[in-house]
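The structure appears right after this line, and notes come after that.
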Amino acid sequence: MAGGETVLCSARATVMIYDDTNKKWVTSGSGPNTYSHVQLLHRPAAGAFRVVARKMQPDQQVVMNCALARGLRYNQATASFHQWRDARQVWGLSFCTREDAAAFATAMQGALGVW
Ligand SMILES: CC(=O)N[C@@H](Cc1ccccc1Cl)C(=O)N1CCC[C@]12C=C[C@@H]1CC[C@@H](C(=O)N3CC[C@@H]4C=C[C@H]5CC[C@H](C(=O)O)N5C(=O)[C@H]43)N1C2=O
């Protein structure tokens, strides 16, 4: 986490990217399909938000670093799978619990609502 950023929410999820060519979801990053720590970060000085995710095992690989754009639509496809588009791709978070998913959605909606 860089300076000047605060963590608005942490959750545990598998980070997925939609492979539009093959029309299927693939997990982000390499190695075993394990959960990541997903954090919604706020940089107040810039009025910016981003979502960063690091694999829990084995090596804290960064598997998502996504700046949130004003007007982003956060889609709760199911109680534990949420998704959004950025300029390049579609991200999916497959949360380990519905509680994590609900907490993260609340934080995301709070962040997106301030714009
Ligand atoms: C218009 C649009 O972009 N729509 C998006 C969803 C969305 C709506 C609003 C704002 C942002 C987004 Cl990303 C959309 O429908 N997308 C984005 C790429 C893939 C998908 C397009 C079509 C398919 C139909 C089924 C759904 C999907 O992929 N789902 C639904 C929830 C389910 C949950 C988990 C993942 C993981 C494994 C499983 C699978 O792919 O077999 N799966 C899915 O099947 C997921 N789909 C999508 O999410």
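Following the order of the structure tokens, chains are lettered A, B, ..., residues in each are numbered from 1, and ligands are numbered from 1.
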For the contact check between chain A and ligand 1, emit one row per residue of chain A within 10 Å, containing the shortest atom pair and the distance in Å rounded to one decimal, counting only C-alpha atoms and all ligand atoms, chain then rising number order, as JSON lines.
```
{"residue": "A:Thr14", "atom": "CA", "partner": "ligand 1", "partner_atom_place_in_ligand_line": "36 (C)", "distance": 9.6}
{"residue": "A:Met16", "atom": "CA", "partner": "ligand 1", "partner_atom_place_in_ligand_line": "36 (C)", "distance": 7.8}
{"residue": "A:Ile17", "atom": "CA", "partner": "ligand 1", "partner_atom_place_in_ligand_line": "18 (C)", "distance": 8.6}
{"residue": "A:Tyr18", "atom": "CA", "partner": "ligand 1", "partner_atom_place_in_ligand_line": "18 (C)", "distance": 5.7}
{"residue": "A:Asp19", "atom": "CA", "partner": "ligand 1", "partner_atom_place_in_ligand_line": "18 (C)", "distance": 8.1}
{"residue": "A:Asp20", "atom": "CA", "partner": "ligand 1", "partner_atom_place_in_ligand_line": "18 (C)", "distance": 7.3}
{"residue": "A:Lys23", "atom": "CA", "partner": "ligand 1", "partner_atom_place_in_ligand_line": "19 (C)", "distance": 7.3}
{"residue": "A:Lys24", "atom": "CA", "partner": "ligand 1", "partner_atom_place_in_ligand_line": "40 (O)", "distance": 5.3}
{"residue": "A:Trp25", "atom": "CA", "partner": "ligand 1", "partner_atom_place_in_ligand_line": "40 (O)", "distance": 5.1}
{"residue": "A:Val26", "atom": "CA", "partner": "ligand 1", "partner_atom_place_in_ligand_line": "36 (C)", "distance": 8.3}
{"residue": "A:Thr27", "atom": "CA", "partner": "ligand 1", "partner_atom_place_in_ligand_line": "36 (C)", "distance": 9.2}
{"residue": "A:Leu72", "atom": "CA", "partner": "ligand 1", "partner_atom_place_in_ligand_line": "10 (C)", "distance": 7.8}
{"residue": "A:Arg73", "atom": "CA", "partner": "ligand 1", "partner_atom_place_in_ligand_line": "10 (C)", "distance": 4.8}
{"residue": "A:Tyr74", "atom": "CA", "partner": "ligand 1", "partner_atom_place_in_ligand_line": "10 (C)", "distance": 5.7}
{"residue": "A:Asn75", "atom": "CA", "partner": "ligand 1", "partner_atom_place_in_ligand_line": "10 (C)", "distance": 4.8}
{"residue": "A:Gln76", "atom": "CA", "partner": "ligand 1", "partner_atom_place_in_ligand_line": "8 (C)", "distance": 8.1}
{"residue": "A:Ala77", "atom": "CA", "partner": "ligand 1", "partner_atom_place_in_ligand_line": "31 (C)", "distance": 4.9}
{"residue": "A:Thr78", "atom": "CA", "partner": "ligand 1", "partner_atom_place_in_ligand_line": "31 (C)", "distance": 5.8}
{"residue": "A:Ala79", "atom": "CA", "partner": "ligand 1", "partner_atom_place_in_ligand_line": "31 (C)", "distance": 9.2}
{"residue": "A:Ser80", "atom": "CA", "partner": "ligand 1", "partner_atom_place_in_ligand_line": "33 (C)", "distance": 7.9}
{"residue": "A:Phe81", "atom": "CA", "partner": "ligand 1", "partner_atom_place_in_ligand_line": "33 (C)", "distance": 5.4}
{"residue": "A:His82", "atom": "CA", "partner": "ligand 1", "partner_atom_place_in_ligand_line": "31 (C)", "distance": 7.7}
{"residue": "A:Gln83", "atom": "CA", "partner": "ligand 1", "partner_atom_place_in_ligand_line": "13 (Cl)", "distance": 4.8}
{"residue": "A:Trp84", "atom": "CA", "partner": "ligand 1", "partner_atom_place_in_ligand_line": "13 (Cl)", "distance": 4.0}
{"residue": "A:Arg85", "atom": "CA", "partner": "ligand 1", "partner_atom_place_in_ligand_line": "13 (Cl)", "distance": 4.9}
{"residue": "A:Asp86", "atom": "CA", "partner": "ligand 1", "partner_atom_place_in_ligand_line": "13 (Cl)", "distance": 8.7}
{"residue": "A:Gln89", "atom": "CA", "partner": "ligand 1", "partner_atom_place_in_ligand_line": "18 (C)", "distance": 8.7}
{"residue": "A:Val90", "atom": "CA", "partner": "ligand 1", "partner_atom_place_in_ligand_line": "13 (Cl)", "distance": 5.5}
{"residue": "A:Trp91", "atom": "CA", "partner": "ligand 1", "partner_atom_place_in_ligand_line": "13 (Cl)", "distance": 6.9}
{"residue": "A:Gly92", "atom": "CA", "partner": "ligand 1", "partner_atom_place_in_ligand_line": "13 (Cl)", "distance": 7.6}
{"residue": "A:Leu93", "atom": "CA", "partner": "ligand 1", "partner_atom_place_in_ligand_line": "34 (C)", "distance": 8.5}
{"residue": "A:Ser94", "atom": "CA", "partner": "ligand 1", "partner_atom_place_in_ligand_line": "34 (C)", "distance": 6.7}
{"residue": "A:Phe95", "atom": "CA", "partner": "ligand 1", "partner_atom_place_in_ligand_line": "34 (C)", "distance": 9.9}
```
Could you write out the selected residues, including N, CA and C atoms, as a compact mmCIF listing (two decimals), in the first residue's frame?
```
# COMPACT_ATOMS: atom_id res chain seq x y z
N THR A 14 -11.21 -15.25 -4.69
CA THR A 14 -10.41 -15.66 -5.85
C THR A 14 -10.63 -14.60 -6.92
N MET A 16 -10.69 -13.30 -10.61
CA MET A 16 -10.87 -13.90 -11.93
C MET A 16 -10.95 -12.82 -13.00
N ILE A 17 -10.57 -13.20 -14.19
CA ILE A 17 -10.62 -12.31 -15.35
C ILE A 17 -11.41 -13.04 -16.43
N TYR A 18 -12.29 -12.34 -17.11
CA TYR A 18 -13.06 -13.00 -18.15
C TYR A 18 -12.25 -13.05 -19.44
N ASP A 19 -12.05 -14.27 -19.93
CA ASP A 19 -11.33 -14.48 -21.19
C ASP A 19 -12.37 -14.39 -22.31
N ASP A 20 -12.41 -13.20 -22.92
CA ASP A 20 -13.49 -12.95 -23.88
C ASP A 20 -13.34 -13.82 -25.13
N LYS A 23 -14.55 -17.13 -23.97
CA LYS A 23 -15.82 -17.03 -23.25
C LYS A 23 -15.81 -17.83 -21.95
N LYS A 24 -14.74 -17.62 -21.18
CA LYS A 24 -14.74 -18.29 -19.87
C LYS A 24 -13.91 -17.48 -18.88
N TRP A 25 -14.16 -17.70 -17.61
CA TRP A 25 -13.43 -17.03 -16.54
C TRP A 25 -12.13 -17.79 -16.27
N VAL A 26 -11.06 -17.05 -16.10
CA VAL A 26 -9.79 -17.65 -15.71
C VAL A 26 -9.31 -16.95 -14.43
N THR A 27 -8.60 -17.70 -13.61
CA THR A 27 -8.10 -17.04 -12.38
C THR A 27 -6.91 -16.18 -12.76
N LEU A 72 -18.31 3.67 -12.51
CA LEU A 72 -18.15 2.21 -12.64
C LEU A 72 -19.40 1.51 -12.12
N ARG A 73 -19.84 0.48 -12.87
CA ARG A 73 -20.98 -0.31 -12.39
C ARG A 73 -20.45 -1.58 -11.73
N TYR A 74 -20.76 -1.72 -10.43
CA TYR A 74 -20.35 -2.89 -9.65
C TYR A 74 -21.51 -3.86 -9.64
N ASN A 75 -21.32 -5.03 -10.30
CA ASN A 75 -22.43 -5.97 -10.47
C ASN A 75 -22.32 -7.15 -9.51
N GLN A 76 -23.33 -7.27 -8.64
CA GLN A 76 -23.35 -8.42 -7.73
C GLN A 76 -24.10 -9.55 -8.44
N ALA A 77 -23.36 -10.31 -9.26
CA ALA A 77 -23.99 -11.36 -10.07
C ALA A 77 -24.65 -12.42 -9.19
N THR A 78 -23.96 -12.79 -8.13
CA THR A 78 -24.55 -13.70 -7.12
C THR A 78 -24.14 -13.17 -5.76
N ALA A 79 -24.59 -13.82 -4.71
CA ALA A 79 -24.25 -13.39 -3.35
C ALA A 79 -22.76 -13.50 -3.06
N SER A 80 -22.03 -14.28 -3.88
CA SER A 80 -20.60 -14.42 -3.60
C SER A 80 -19.72 -14.19 -4.82
N PHE A 81 -20.32 -13.80 -5.95
CA PHE A 81 -19.52 -13.50 -7.14
C PHE A 81 -19.92 -12.12 -7.65
N HIS A 82 -18.96 -11.17 -7.53
CA HIS A 82 -19.21 -9.79 -7.97
C HIS A 82 -18.24 -9.46 -9.10
N GLN A 83 -18.61 -8.50 -9.94
CA GLN A 83 -17.81 -8.25 -11.14
C GLN A 83 -17.95 -6.80 -11.58
N TRP A 84 -16.97 -6.36 -12.35
CA TRP A 84 -17.03 -5.03 -12.96
C TRP A 84 -16.12 -5.00 -14.18
N ARG A 85 -16.37 -4.00 -15.05
CA ARG A 85 -15.53 -3.84 -16.24
C ARG A 85 -14.56 -2.70 -16.01
N ASP A 86 -13.32 -2.84 -16.53
CA ASP A 86 -12.50 -1.63 -16.65
C ASP A 86 -12.21 -1.46 -18.14
N GLN A 89 -10.67 -5.04 -19.39
CA GLN A 89 -11.17 -6.41 -19.16
C GLN A 89 -12.28 -6.40 -18.13
N VAL A 90 -12.82 -7.60 -17.90
CA VAL A 90 -13.86 -7.76 -16.88
C VAL A 90 -13.24 -8.53 -15.73
N TRP A 91 -13.38 -7.96 -14.54
CA TRP A 91 -12.87 -8.58 -13.32
C TRP A 91 -13.99 -9.29 -12.59
N GLY A 92 -13.67 -10.43 -11.99
CA GLY A 92 -14.63 -11.14 -11.15
C GLY A 92 -13.99 -11.45 -9.81
N LEU A 93 -14.75 -11.28 -8.75
CA LEU A 93 -14.29 -11.67 -7.41
C LEU A 93 -15.22 -12.78 -6.92
N SER A 94 -14.62 -13.96 -6.71
CA SER A 94 -15.39 -15.07 -6.18
C SER A 94 -15.03 -15.17 -4.70
N PHE A 95 -15.91 -14.59 -3.86
CA PHE A 95 -15.59 -14.43 -2.43
C PHE A 95 -15.70 -15.75 -1.70
```
Check chain A with DSSP on the backbone and list each residue it calls helix (DSSP H, G or I), as JSON, numbers by chain. {"A": [44, 45, 46, 98, 99, 100, 101, 102, 103, 104, 105, 106, 107, 108, 109, 110, 111, 112, 113]}
Using only C-alpha atoms, can you tell me which of A:Leu41, A:Leu112, A:Pro32, A:Thr21 comes closest to Gly4 (chain A)? A:Leu41
